[in-house]
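To be precise, the following lines are input_20.txt, and they hold compact mmCIF, C-alpha atoms and all ligand atoms.
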```
# COMPACT_ATOMS: atom_id res chain seq x y z
CA MET A 1 -20.02 -7.10 -23.11
CA GLY A 2 -19.60 -10.75 -22.49
CA LEU A 3 -21.54 -10.64 -19.28
CA THR A 4 -24.46 -12.93 -18.74
CA PRO A 5 -27.19 -11.54 -16.54
CA ARG A 6 -27.74 -13.20 -13.24
CA PRO A 7 -30.46 -15.87 -13.41
CA GLU A 8 -33.88 -14.67 -12.37
CA PRO A 9 -34.79 -15.92 -8.93
CA ALA A 10 -36.84 -19.04 -9.39
CA LEU A 11 -39.81 -18.37 -7.17
CA PRO A 12 -42.23 -21.16 -6.57
CA SER A 13 -45.18 -19.07 -7.66
CA GLY A 14 -48.43 -19.42 -5.87
CA GLN A 15 -47.03 -21.84 -3.32
CA GLU A 16 -46.01 -19.34 -0.69
CA SER A 17 -48.43 -19.35 2.14
CA TRP A 18 -49.62 -16.38 4.05
CA VAL A 19 -47.42 -17.40 6.99
CA THR A 20 -44.19 -17.49 4.94
CA THR A 21 -44.78 -14.17 3.30
CA LYS A 22 -45.61 -12.52 6.60
CA LEU A 23 -42.59 -14.15 8.21
CA ASP A 24 -40.44 -12.95 5.31
CA PHE A 25 -41.77 -9.46 5.79
CA LEU A 26 -40.94 -9.52 9.47
CA VAL A 27 -37.48 -10.98 9.06
CA ASN A 28 -36.60 -8.64 6.20
CA TRP A 29 -37.91 -5.65 8.09
CA ALA A 30 -35.71 -6.54 11.03
CA ARG A 31 -32.67 -7.25 8.88
CA ALA A 32 -32.97 -4.20 6.69
CA ASN A 33 -33.15 -1.89 9.67
CA SER A 34 -30.28 -3.37 11.60
CA LEU A 35 -27.58 -3.87 8.99
CA TRP A 36 -24.22 -3.93 10.71
CA PRO A 37 -21.56 -2.53 8.41
CA MET A 38 -18.03 -3.80 8.20
CA PRO A 39 -16.13 -0.69 7.09
CA PHE A 40 -13.28 -1.66 4.81
CA GLY A 41 -11.72 1.72 4.18
CA THR A 42 -8.67 1.57 1.98
CA ALA A 43 -8.31 5.12 0.68
CA CYS A 44 -9.80 8.60 0.51
CA CYS A 45 -13.38 7.33 0.22
CA ALA A 46 -13.06 6.11 3.78
CA ILE A 47 -12.87 9.74 4.91
CA GLU A 48 -16.26 10.36 3.35
CA PHE A 49 -17.51 7.18 4.94
CA MET A 50 -16.44 8.54 8.31
CA ALA A 51 -18.34 11.73 7.55
CA THR A 52 -21.38 9.59 6.78
CA ALA A 53 -21.04 7.83 10.10
CA ALA A 54 -20.49 11.03 12.06
CA SER A 55 -23.17 13.21 13.54
CA ASP A 56 -24.14 15.38 10.57
CA PHE A 57 -25.30 12.54 8.38
CA ASP A 58 -25.56 9.92 11.09
CA LEU A 59 -25.58 6.43 9.71
CA ALA A 60 -27.22 5.31 12.95
CA ARG A 61 -30.56 6.57 11.62
CA PHE A 62 -30.52 3.58 9.28
CA GLY A 63 -29.86 1.00 11.94
CA MET A 64 -26.13 1.06 11.26
CA GLU A 65 -25.26 2.20 14.71
CA ARG A 66 -22.71 -0.44 15.31
CA MET A 67 -19.64 -0.55 13.09
CA SER A 68 -18.39 -4.08 13.11
CA PHE A 69 -14.66 -4.18 12.78
CA SER A 70 -14.74 -7.93 12.75
CA PRO A 71 -16.16 -9.62 9.67
CA ARG A 72 -17.73 -12.31 11.80
CA GLN A 73 -20.34 -10.01 13.29
CA ALA A 74 -21.04 -7.98 10.17
CA ASP A 75 -23.83 -7.94 7.61
CA VAL A 76 -22.63 -5.42 5.03
CA LEU A 77 -19.13 -5.03 3.74
CA ILE A 78 -18.61 -1.42 2.69
CA CYS A 79 -15.46 -1.21 0.65
CA ALA A 80 -14.50 2.46 0.62
CA GLY A 81 -11.48 3.06 -1.55
CA ARG A 82 -9.28 1.46 -4.14
CA VAL A 83 -8.30 -2.17 -3.83
CA PRO A 84 -4.72 -3.00 -4.77
CA PHE A 85 -3.88 -6.48 -5.99
CA LYS A 86 -1.96 -7.12 -2.79
CA LEU A 87 -5.17 -6.60 -0.84
CA ALA A 88 -7.29 -8.82 -3.09
CA PRO A 89 -6.71 -12.11 -1.22
CA ILE A 90 -7.30 -10.35 2.09
CA LEU A 91 -10.56 -8.80 0.94
CA ARG A 92 -11.66 -12.16 -0.41
CA ARG A 93 -10.81 -13.80 2.91
CA ILE A 94 -12.75 -11.18 4.86
CA TRP A 95 -15.76 -11.68 2.61
CA GLN A 96 -15.61 -15.42 3.12
CA GLN A 97 -15.41 -14.95 6.86
CA MET A 98 -18.64 -13.01 6.97
CA PRO A 99 -21.59 -15.23 7.88
CA GLN A 100 -24.76 -15.26 5.82
CA PRO A 101 -26.85 -13.22 5.35
CA LYS A 102 -24.33 -10.76 3.95
CA TRP A 103 -24.26 -7.97 1.41
CA ALA A 104 -21.58 -5.75 -0.05
CA ILE A 105 -21.49 -2.11 -1.06
CA SER A 106 -18.75 -0.83 -3.33
CA MET A 107 -18.20 2.80 -2.49
CA GLY A 108 -16.60 5.12 -5.03
CA ALA A 109 -15.22 4.93 -8.53
CA CYS A 110 -12.04 3.15 -7.49
CA ALA A 111 -13.64 0.24 -5.74
CA SER A 112 -16.27 -0.14 -8.45
CA SER A 113 -14.05 0.09 -11.51
CA GLY A 114 -10.47 0.94 -10.59
CA GLY A 115 -11.31 4.58 -11.18
CA MET A 116 -8.46 6.67 -12.45
CA PHE A 117 -5.92 4.11 -11.30
CA ASP A 118 -5.70 2.06 -14.45
CA ASN A 119 -2.27 0.79 -13.50
CA TYR A 120 -0.30 -2.25 -12.49
CA ALA A 121 -1.28 -2.21 -8.83
CA VAL A 122 -5.03 -1.67 -8.64
CA VAL A 123 -7.82 -4.19 -9.18
CA GLN A 124 -10.10 -2.98 -11.96
CA GLY A 125 -13.38 -3.48 -10.20
CA ILE A 126 -13.96 -5.08 -6.83
CA ASP A 127 -16.63 -7.29 -8.38
CA THR A 128 -13.88 -9.41 -9.88
CA ILE A 129 -13.07 -10.48 -6.31
CA ILE A 130 -16.35 -10.53 -4.40
CA PRO A 131 -19.99 -10.16 -5.47
CA ILE A 132 -21.37 -6.66 -4.93
CA ASP A 133 -24.96 -5.61 -4.28
CA VAL A 134 -24.82 -1.82 -4.58
CA TYR A 135 -22.32 0.36 -6.41
CA VAL A 136 -22.08 3.95 -5.25
CA PRO A 137 -20.54 6.16 -7.93
CA GLY A 138 -18.51 9.28 -7.23
CA CYS A 139 -14.99 10.27 -6.38
CA PRO A 140 -15.65 10.29 -3.50
CA PRO A 141 -19.42 9.87 -3.26
CA ARG A 142 -21.00 12.46 -1.03
CA PRO A 143 -22.45 11.09 2.21
CA GLU A 144 -25.90 11.54 0.70
CA GLY A 145 -24.80 9.26 -2.12
CA LEU A 146 -23.69 6.57 0.26
CA LEU A 147 -26.88 6.92 2.26
CA TYR A 148 -28.89 6.51 -0.93
CA GLY A 149 -26.87 3.38 -1.71
CA ILE A 150 -27.63 2.05 1.74
CA MET A 151 -31.30 2.76 1.29
CA LEU A 152 -31.22 0.91 -2.04
CA LEU A 153 -29.67 -2.02 -0.23
CA GLN A 154 -32.42 -1.89 2.36
CA GLU A 155 -34.97 -2.02 -0.46
CA LYS A 156 -33.20 -5.06 -1.82
CA VAL A 157 -33.18 -6.76 1.56
CA LYS A 158 -36.86 -6.08 2.00
CA LYS A 159 -37.62 -7.84 -1.29
CA GLU A 160 -35.88 -11.08 -0.35
CA ARG A 161 -37.93 -14.24 -0.16
CA ALA A 162 -36.88 -17.14 1.99
CA ALA A 163 -38.38 -19.48 -0.60
CA ASP A 164 -35.90 -18.33 -3.23
CA PRO A 165 -33.37 -21.18 -3.55
CA THR A 166 -30.66 -18.93 -5.03
CA LEU A 167 -30.88 -16.46 -2.17
CA ARG A 168 -27.85 -17.45 -0.13
CA ASN A 169 -25.78 -18.61 -3.05
CA GLU A 170 -22.15 -18.20 -1.94
CA MET A 171 -20.74 -18.14 -5.50
CA ASP A 172 -17.73 -20.27 -4.64
CA PRO A 173 -14.70 -19.36 -6.70
CA ASP A 174 -13.09 -21.82 -9.06
CA PRO A 175 -10.79 -23.85 -6.80
CA LYS A 176 -7.94 -23.80 -9.30
CA SER A 177 -7.77 -20.17 -10.34
CA GLN A 178 -9.64 -18.69 -7.35
CA LEU A 179 -11.62 -16.58 -9.84
CA TYR A 180 -15.37 -16.74 -9.80
CA ILE A 181 -15.97 -15.12 -13.16
CA PRO A 182 -14.23 -16.33 -16.34
CA PRO A 183 -10.83 -14.76 -17.12
CA SER A 184 -12.04 -13.53 -20.49
CA VAL A 185 -14.78 -11.55 -18.77
CA ILE A 186 -12.28 -10.02 -16.36
CA ASP A 187 -10.06 -8.96 -19.25
CA GLU A 188 -13.01 -7.50 -21.07
CA LEU A 189 -14.21 -5.61 -18.04
CA SER A 190 -10.75 -4.19 -17.39
CA GLU A 191 -10.15 -2.92 -20.89
CA PRO A 192 -8.94 0.67 -20.74
CA PHE A 193 -11.53 3.29 -21.53
CA GLY A 194 -11.65 7.06 -21.67
CA ASN A 195 -8.30 8.73 -21.43
CA SER A 196 -6.46 5.63 -20.36
CA VAL A 197 -6.64 4.12 -23.86
CA HIS A 198 -3.96 6.59 -24.85
CA GLN A 199 -1.40 5.42 -22.37
CA THR A 200 1.60 3.68 -23.86
CA ARG A 201 1.99 0.02 -23.13
CA SER A 202 5.76 0.18 -23.38
CA GLY A 203 6.08 3.17 -21.09
CA LEU A 204 8.85 4.62 -23.24
CA MET B 1 22.75 -5.06 23.18
CA SER B 2 20.61 -1.96 23.43
CA THR B 3 22.62 1.26 23.59
CA PRO B 4 21.55 4.14 25.81
CA PHE B 5 19.50 6.75 24.02
CA THR B 6 21.22 10.06 23.43
CA PRO B 7 19.03 12.71 21.86
CA TYR B 8 20.38 14.66 18.92
CA VAL B 9 19.88 18.36 19.43
CA ALA B 10 19.48 20.39 16.27
CA GLY B 11 22.34 22.79 15.74
CA SER B 12 24.12 21.66 18.91
CA ALA B 13 27.46 21.37 17.14
CA LEU B 14 27.27 24.92 15.82
CA GLY B 15 27.90 26.51 19.20
CA GLY B 16 25.68 28.69 21.31
CA ASP B 17 26.05 31.84 19.22
CA ALA B 18 25.03 30.30 15.90
CA ALA B 19 22.40 32.21 14.00
CA ALA B 20 18.90 30.80 14.11
CA PRO B 21 17.95 28.99 10.91
CA ALA B 22 16.05 31.15 8.47
CA THR B 23 14.16 30.25 5.32
CA GLN B 24 16.32 31.15 2.35
CA ARG B 25 14.82 33.33 -0.32
CA HIS B 26 15.62 33.73 -4.01
CA VAL B 27 17.69 30.56 -4.15
CA PRO B 28 19.25 30.22 -7.61
CA LEU B 29 18.57 27.05 -9.60
CA HIS B 30 22.26 26.32 -10.06
CA GLY B 31 25.26 27.56 -8.20
CA GLY B 32 25.63 29.12 -4.83
CA ASP B 33 27.52 28.01 -1.76
CA ALA B 34 28.15 24.30 -1.50
CA ASN B 35 27.67 22.47 1.77
CA PRO B 36 31.09 22.57 3.56
CA SER B 37 30.93 18.78 3.81
CA ALA B 38 31.44 18.57 0.04
CA GLY B 39 34.83 20.25 0.27
CA ALA B 40 35.80 18.04 3.17
CA LEU B 41 34.80 14.98 1.13
CA VAL B 42 36.92 16.06 -1.83
CA HIS B 43 39.81 16.65 0.53
CA GLN B 44 39.36 13.27 2.19
CA PHE B 45 38.49 11.04 -0.76
CA GLY B 46 40.00 12.87 -3.76
CA ASP B 47 39.15 11.10 -7.00
CA ALA B 48 36.36 9.04 -5.50
CA ILE B 49 34.26 12.20 -5.48
CA ARG B 50 33.24 12.51 -9.12
CA GLY B 51 31.50 15.85 -8.86
CA VAL B 52 29.84 18.41 -6.65
CA HIS B 53 26.78 20.29 -7.87
CA VAL B 54 24.66 22.82 -6.07
CA VAL B 55 21.07 22.73 -7.21
CA ARG B 56 18.48 24.99 -5.59
CA GLY B 57 20.86 25.56 -2.72
CA GLU B 58 21.21 21.83 -2.03
CA THR B 59 24.48 20.05 -2.53
CA ASN B 60 24.70 16.89 -4.62
CA VAL B 61 27.85 14.83 -4.38
CA LEU B 62 28.54 12.23 -7.03
CA VAL B 63 30.52 9.35 -5.58
CA ALA B 64 32.28 6.38 -7.17
CA ARG B 65 30.34 3.24 -6.45
CA GLU B 66 33.27 1.35 -4.90
CA ARG B 67 33.89 4.04 -2.32
CA LEU B 68 30.27 4.77 -1.42
CA LEU B 69 30.28 2.80 1.80
CA ASP B 70 33.54 4.43 2.92
CA VAL B 71 32.13 7.87 2.18
CA VAL B 72 28.91 7.23 4.07
CA ARG B 73 30.74 5.65 6.98
CA TRP B 74 33.06 8.63 7.19
CA LEU B 75 30.21 11.14 6.99
CA HIS B 76 28.47 9.32 9.79
CA ALA B 77 31.41 8.82 12.13
CA GLU B 78 33.62 11.86 11.54
CA PRO B 79 33.08 14.36 14.41
CA SER B 80 33.31 17.30 12.02
CA GLN B 81 30.47 15.93 9.85
CA ARG B 82 28.04 13.98 12.05
CA TYR B 83 25.44 12.93 9.49
CA GLU B 84 23.24 11.12 11.98
CA TYR B 85 20.16 10.75 9.89
CA LEU B 86 19.48 9.01 6.60
CA SER B 87 16.19 10.40 5.40
CA ASP B 88 15.78 8.67 2.07
CA VAL B 89 17.20 6.13 -0.32
CA THR B 90 15.81 6.23 -3.81
CA ALA B 91 16.78 6.00 -7.45
CA VAL B 92 16.23 7.98 -10.64
CA GLU B 93 15.93 6.56 -14.10
CA PHE B 94 15.90 9.03 -16.95
CA ARG B 95 13.90 8.83 -20.13
CA ASP B 96 17.10 8.83 -22.15
CA PRO B 97 18.31 5.21 -22.07
CA GLU B 98 21.91 6.35 -22.53
CA GLN B 99 21.84 8.20 -19.25
CA PRO B 100 22.89 6.22 -16.19
CA ILE B 101 20.47 5.28 -13.44
CA GLU B 102 21.24 7.23 -10.30
CA VAL B 103 20.88 5.90 -6.78
CA VAL B 104 20.38 8.69 -4.29
CA TRP B 105 20.93 8.90 -0.54
CA HIS B 106 19.63 11.85 1.42
CA LEU B 107 21.74 12.51 4.49
CA ARG B 108 21.05 15.02 7.19
CA SER B 109 23.33 16.28 9.90
CA ILE B 110 21.12 17.33 12.75
CA ALA B 111 23.97 18.68 14.84
CA PHE B 112 25.30 20.90 12.04
CA ARG B 113 21.97 21.56 10.35
CA ARG B 114 23.25 20.33 7.02
CA PHE B 115 21.70 18.43 4.18
CA LEU B 116 23.71 16.40 1.69
CA ARG B 117 22.58 14.38 -1.29
CA VAL B 118 24.93 11.57 -2.23
CA LYS B 119 24.56 9.97 -5.64
CA VAL B 120 26.03 6.97 -7.38
CA GLU B 121 25.66 6.51 -11.13
CA LEU B 122 25.06 3.05 -12.53
CA ALA B 123 26.25 2.83 -16.11
CA PRO B 124 23.63 1.54 -18.58
CA GLY B 125 24.03 -2.14 -19.24
CA GLY B 126 26.10 -2.67 -16.13
CA PRO B 127 24.99 -4.46 -12.98
CA LEU B 128 22.38 -2.65 -10.92
CA GLU B 129 24.18 -3.10 -7.66
CA VAL B 130 25.37 -0.72 -4.98
CA PRO B 131 26.61 -1.36 -1.46
CA SER B 132 24.00 -1.27 1.26
CA VAL B 133 24.41 1.36 3.95
CA TRP B 134 22.39 -0.72 6.38
CA GLU B 135 25.38 -1.31 8.63
CA VAL B 136 25.72 2.44 9.15
CA TYR B 137 22.06 3.47 9.18
CA LYS B 138 19.59 0.82 10.25
CA SER B 139 16.81 2.94 8.80
CA ALA B 140 18.11 2.02 5.36
CA ASP B 141 16.52 -1.41 5.73
CA TRP B 142 13.04 -0.72 4.39
CA MET B 143 14.09 2.15 2.13
CA GLU B 144 16.53 -0.08 0.32
CA ARG B 145 13.91 -2.77 0.08
CA GLU B 146 11.54 -0.29 -1.50
CA CYS B 147 14.19 0.86 -3.93
CA TYR B 148 14.88 -2.76 -4.83
CA ASP B 149 11.18 -3.45 -5.21
CA MET B 150 10.53 -0.49 -7.50
CA PHE B 151 13.78 -0.27 -9.49
CA GLY B 152 15.41 -3.67 -9.16
CA ILE B 153 18.59 -2.23 -7.71
CA ARG B 154 20.40 -4.71 -5.52
CA PHE B 155 21.94 -3.52 -2.29
CA ALA B 156 24.90 -5.72 -1.52
CA GLY B 157 25.10 -6.45 2.17
CA HIS B 158 21.45 -5.81 2.95
CA PRO B 159 20.34 -8.40 5.52
CA ASP B 160 16.92 -9.14 4.04
CA LEU B 161 16.49 -7.82 0.52
CA ARG B 162 12.90 -8.71 -0.35
CA ARG B 163 10.09 -6.85 -2.03
CA ILE B 164 8.24 -4.60 0.34
CA LEU B 165 5.39 -2.87 -1.52
CA MET B 166 4.56 -5.51 -4.07
CA TRP B 167 3.96 -9.01 -2.82
CA GLU B 168 6.98 -11.24 -2.65
CA ASP B 169 6.34 -13.50 -5.60
CA TYR B 170 5.38 -10.60 -7.88
CA ARG B 171 6.72 -11.63 -11.24
CA GLU B 172 6.11 -8.73 -13.58
CA GLY B 173 9.27 -6.77 -12.96
CA TYR B 174 10.09 -3.49 -11.33
CA PRO B 175 7.22 -1.01 -11.63
CA LEU B 176 9.09 2.29 -11.61
CA ARG B 177 11.49 1.35 -14.39
CA LYS B 178 10.93 3.17 -17.65
CA ASP B 179 10.46 -0.03 -19.62
CA PHE B 180 7.65 -1.17 -17.35
CA PRO B 181 4.20 -0.74 -18.92
CA LEU B 182 1.83 1.26 -16.76
CA ARG B 183 -0.74 -1.51 -16.64
CA GLY B 184 1.79 -4.22 -15.92
CA ARG B 185 2.94 -6.98 -18.21
CA PHE B 186 0.27 -9.62 -17.67
CA SER B 187 -3.38 -9.56 -18.55
CA ARG B 188 -5.77 -8.39 -15.86
CA SER B 189 -7.17 -11.86 -15.26
CA GLU B 190 -3.68 -13.29 -14.87
CA GLN B 191 -2.71 -10.53 -12.47
CA LEU B 192 -5.83 -11.19 -10.43
CA ARG B 193 -5.28 -14.93 -10.47
CA GLN B 194 -1.74 -14.52 -9.19
CA ALA B 195 -2.80 -12.05 -6.54
CA LEU B 196 -5.62 -14.27 -5.29
CA ALA B 197 -3.33 -17.27 -5.19
CA ALA B 198 -1.37 -15.60 -2.40
CA ASP B 199 -2.06 -16.79 1.10
CA PRO B 200 -2.43 -13.62 3.17
CA GLU B 201 -1.27 -15.40 6.28
CA ALA B 202 1.91 -16.82 4.79
CA ARG B 203 3.54 -13.42 4.37
CA TYR B 204 5.99 -13.54 7.25
CA SER B 205 9.69 -14.05 6.89
CA MET B 206 11.59 -16.26 9.26
CA GLU B 207 12.90 -13.12 10.91
CA GLU B 208 9.46 -11.80 11.66
CA LEU B 209 8.47 -15.15 13.07
CA SER B 210 11.44 -15.44 15.39
CA VAL B 211 10.30 -12.64 17.67
CA ALA B 212 11.05 -14.91 20.59
CA ASP B 213 14.73 -14.77 19.69
CA ALA B 214 14.69 -11.03 20.14
CA PHE B 215 13.32 -11.28 23.64
CA GLU B 216 16.69 -10.62 25.26
CA ASP B 217 17.05 -7.35 23.32
CA LEU B 218 13.79 -5.91 24.62
CA PRO B 219 13.79 -3.20 27.28
CA ASP B 220 13.45 -4.35 30.87
CA ASP B 221 9.91 -3.19 31.52
CA MET B 222 8.64 -4.83 28.37
CA ARG B 223 10.35 -8.07 29.29
CA ARG B 224 8.77 -7.95 32.72
CA ARG B 225 5.34 -7.43 31.25
CA LEU B 226 5.76 -10.23 28.75
CA ARG B 227 6.96 -12.57 31.46
CA ALA B 228 3.89 -11.72 33.51
CA GLY B 229 1.82 -13.15 30.68
CA GLU B 230 0.96 -10.14 28.54
CA LYS B 231 0.36 -11.04 24.94
CA ALA B 232 2.79 -9.48 22.48
CA GLY B 233 0.14 -7.90 20.30
CA GLU B 234 -2.54 -9.91 18.58
S1 LIG C 301 -13.07 7.04 -5.77
FE1 LIG C 301 -11.92 8.94 -5.48
S2 LIG C 301 -12.18 9.38 -3.31
FE2 LIG C 301 -12.72 7.24 -3.59
S3 LIG C 301 -10.84 6.08 -3.24
FE3 LIG C 301 -10.95 6.51 -5.40
S4 LIG C 301 -9.75 8.39 -5.68
FE4 LIG C 301 -10.27 8.22 -3.50
```

Translate the structure described by the file into structure tokens.
Ligand code: SF4
Amino acid sequence: MGLTPRPEPALPSGQESWVTTKLDFLVNWARANSLWPMPFGTACCAIEFMATAASDFDLARFGMERMSFSPRQADVLICAGRVPFKLAPILRRIWQQMPQPKWAISMGACASSGGMFDNYAVVQGIDTIIPIDVYVPGCPPRPEGLLYGIMLLQEKVKKERAADPTLRNEMDPDPKSQLYIPPSVIDELSEPFGNSVHQTRSGL
Amino acid sequence: MSTPFTPYVAGSALGGDAAAPATQRHVPLHGGDANPSAGALVHQFGDAIRGVHVVRGETNVLVARERLLDVVRWLHAEPSQRYEYLSDVTAVEFRDPEQPIEVVWHLRSIAFRRFLRVKVELAPGGPLEVPSVWEVYKSADWMERECYDMFGIRFAGHPDLRRILMWEDYREGYPLRKDFPLRGRFSRSEQLRQALAADPEARYSMEELSVADAFEDLPDDMRRRLRAGEKAGE
């Protein structure tokens, strides 16, 4: 694949004082345990997300008591369901409206890769629109799966260091094309695979 | 402008002693009794009715394109027909390119408990245009837009024929046509670039923006509330 790995966080080694690391620990502990999700349910995965939030699985145990239906008071965007091209600019706008610190979870096969909808209307991977922290596989993922993804995100949050200069990198898209990864990479990522390589391009 | 609301009562035109509707069993694939409206149409319009077929107990009437609007108008207004409800407008394209594209209207008479499928065939190579039935059934508005969006069929006389499912400046064609590739015509990056170039807040037509113009048509209580300062939905 033509993907380049993300640059390693450039930590100023040995220069972090006891105070900063302890402060980091405190801040991360608070953040990780009070992530406010912005549920962006577009399809069937949203039903499973609701099950996760309801009493049996109870998202509130993880500090996600409050669903934020406004991006401006949210920490985690949980995209549950497929993203059609028509929704792409809206999703991008919602992501940009969320204040830092912010994270994103892509829930389900469709959001992560287009899933079985390898067609003219569905974005092949939400990560071509916004950066994603945790991908939860499954069609739909069981609530346990989503909870595991959330716990992974909490681990990630707990490892953040305020001294890391790349931490709150917004990854601004290219102003001309509005894409933030190169077109060739998008094409490569969206190549058909599995059964969908056999579909006819002409349709006849 | 608003007309008083009169409810349509199912079966009301059949008289008090009409049998209760029952689910039909063992319906043959072809043949059987045609909807009585089909005979009335042949009687009224003669040659303009190109054919009547009964498929699975449902009656399909093939109509000449030029007379479609007359036929629909008559079915709607004639007291012995009373097709009050247009439930669908769609189109069919067959795999065989020689076969014409069909545009299909599903009409329902609530008063008589009847269902009628009206079809118009569009010869291959000819213009993909049929008259809009919007002036008879206002519900045709979005259904015709969808049919236009997916098949590229133009509905002459439609007040606002724009795409409805795909975004308005979608340039790849008409997705449900047989010559449309499943993954679209452009590369994925180009599709994404075009989609992201859209401004999600610029998606309103002039009509949607001129809500204020429609103020006089609103019901009284709503007008009162709006005048008292209530916001018309955020
Ligand atoms: S991954 Fe499966 S359940 Fe989730 S949106 Fe796609 S089709 Fe629906």

Enumerate as a PyMOL selection string the residues belonging to chain B that approach chain A to within 9 Å, with all atoms listed in the file taken into account.
chain B and resi 95+165-167+175+177-185+187-201

What are the centre and edge lengths in Å, to one decimal, of the axis-aligned box around all listed atoms of ligand LIG 301 (chain C) with 4 Å added on each side, as lines of an AutoDock Vina configuration file?
```
center_x = -11.4
center_y = 7.7
center_z = -4.5
size_x = 11.3
size_y = 11.3
size_z = 10.5
```

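Computed from the coordinates, the atom FE4 of ligand LIG 301 (chain C) to CA of Cys45 in chain A distance equals 4.9 Å.
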
Can you tell me which residues sit at most 7 Å away from ligand LIG 301 (chain C), counting only C-alpha atoms and all ligand atoms, written as number ranges by chain?
A: 43-45, 80-82, 108-111, 115, 138-140

Shortest interatomic distance to Val52 in chain B - which of B:Ala228, B:Ala34, B:Met222, B:Leu69, counting only C-alpha atoms:
B:Ala34

Could you tell me how far CA of Val76 in chain A sits from CA of Phe49 in chain A, in Å to one decimal place?
13.6 Å

Between CA of Arg168 in chain A and CA of Met98 in chain A - distance in Å to one decimal
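These atoms are spaced 12.4 Å apart.
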
Name all residues at most 8 Å from Met67 in chain A (count all atoms listed in the file; drop same-chain ones fewer than 2 positions away) and give them as a PyMOL selection string.
chain A and resi 36-39+64-65+69

Quick one: residues within 10 Å of range 39-49 of chain B, all atoms listed in the file, excluding same-chain residues fewer than 5 positions away - as a count of residues only?
18

Please, which residues in range 75-120 of chain B fall within 9 Å of range 147-161 of chain B when counting all atoms listed in the file, and what is the closest atom pair and distance in Å to one decimal for each, ordered by chain then residue number, as JSON lines?
```
{"residue": "B:Val89", "atom": "CA", "partner": "B:Cys147", "partner_atom": "CA", "distance": 7.1}
{"residue": "B:Thr90", "atom": "CA", "partner": "B:Cys147", "partner_atom": "CA", "distance": 5.6}
{"residue": "B:Ala91", "atom": "CA", "partner": "B:Cys147", "partner_atom": "CA", "distance": 6.7}
{"residue": "B:Val92", "atom": "CA", "partner": "B:Phe151", "partner_atom": "CA", "distance": 8.7}
{"residue": "B:Glu93", "atom": "CA", "partner": "B:Phe151", "partner_atom": "CA", "distance": 8.5}
{"residue": "B:Val103", "atom": "CA", "partner": "B:Ile153", "partner_atom": "CA", "distance": 8.5}
```

Please provide as a ChimeraX atom specification all residues within 6 Å of Ile78 in chain A, with the sequence filter that same-chain residues fewer than 5 positions apart are discarded (counting all atoms listed in the file).
/A:39-40,104-105

Would you mind listing what lies within 7 Å of Ala162 in chain A as a PyMOL selection string, with only C-alpha atoms counted and same-chain residues fewer than 2 positions away left out?
chain A and resi 24+160+164

Selected residues written out, C-alpha atoms, as a CSV table (one decimal), keeping the file's coordinate frame:
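selection-v4.csv was written with the following content:
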```csv
chain,number,residue,atom,x,y,z
A,24,ASP,CA,-40.4,-13.0,5.3
A,160,GLU,CA,-35.9,-11.1,-0.4
A,164,ASP,CA,-35.9,-18.3,-3.2
```

Got a sec: who's within 10 Å of Ala13 in chain B, counting only C-alpha atoms, leaving out chain neighbours fewer than 3 positions off, as an mmCIF file with C-alpha atoms, keeping the file's coordinate frame?
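The result, stored in result.cif:
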```
data_model
loop_
_atom_site.group_PDB
_atom_site.id
_atom_site.type_symbol
_atom_site.label_atom_id
_atom_site.label_comp_id
_atom_site.auth_asym_id
_atom_site.auth_seq_id
_atom_site.Cartn_x
_atom_site.Cartn_y
_atom_site.Cartn_z
ATOM 1 C CA TYR B 8 20.380 14.660 18.920
ATOM 2 C CA VAL B 9 19.880 18.360 19.430
ATOM 3 C CA ALA B 10 19.480 20.390 16.270
ATOM 4 C CA GLY B 16 25.680 28.690 21.310
ATOM 5 C CA ALA B 18 25.030 30.300 15.900
ATOM 6 C CA PRO B 79 33.080 14.360 14.410
ATOM 7 C CA SER B 80 33.310 17.300 12.020
ATOM 8 C CA GLN B 81 30.470 15.930 9.850
ATOM 9 C CA ARG B 82 28.040 13.980 12.050
ATOM 10 C CA SER B 109 23.330 16.280 9.900
ATOM 11 C CA ILE B 110 21.120 17.330 12.750
ATOM 12 C CA ALA B 111 23.970 18.680 14.840
ATOM 13 C CA PHE B 112 25.300 20.900 12.040
ATOM 14 C CA ARG B 113 21.970 21.560 10.350
#
```

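With distances restricted to all atoms listed in the file, A:Leu167 is the closest residue to Gln100 in chain A from A:Ala54, A:Met116, A:Leu167, A:Val19.
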
Polymer residues at most 12 Å from (-21.7, -18.7, -5.8) by only C-alpha atoms, as a list in words:
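Residues found, by chain and rising number: Arg6, Pro7, Gln96, Ile129, Ile130, Pro131, Thr166, Leu167, Arg168, Asn169, Glu170, Met171, Asp172, Pro173, Asp174, Leu179, Tyr180 and Ile181 of chain A.
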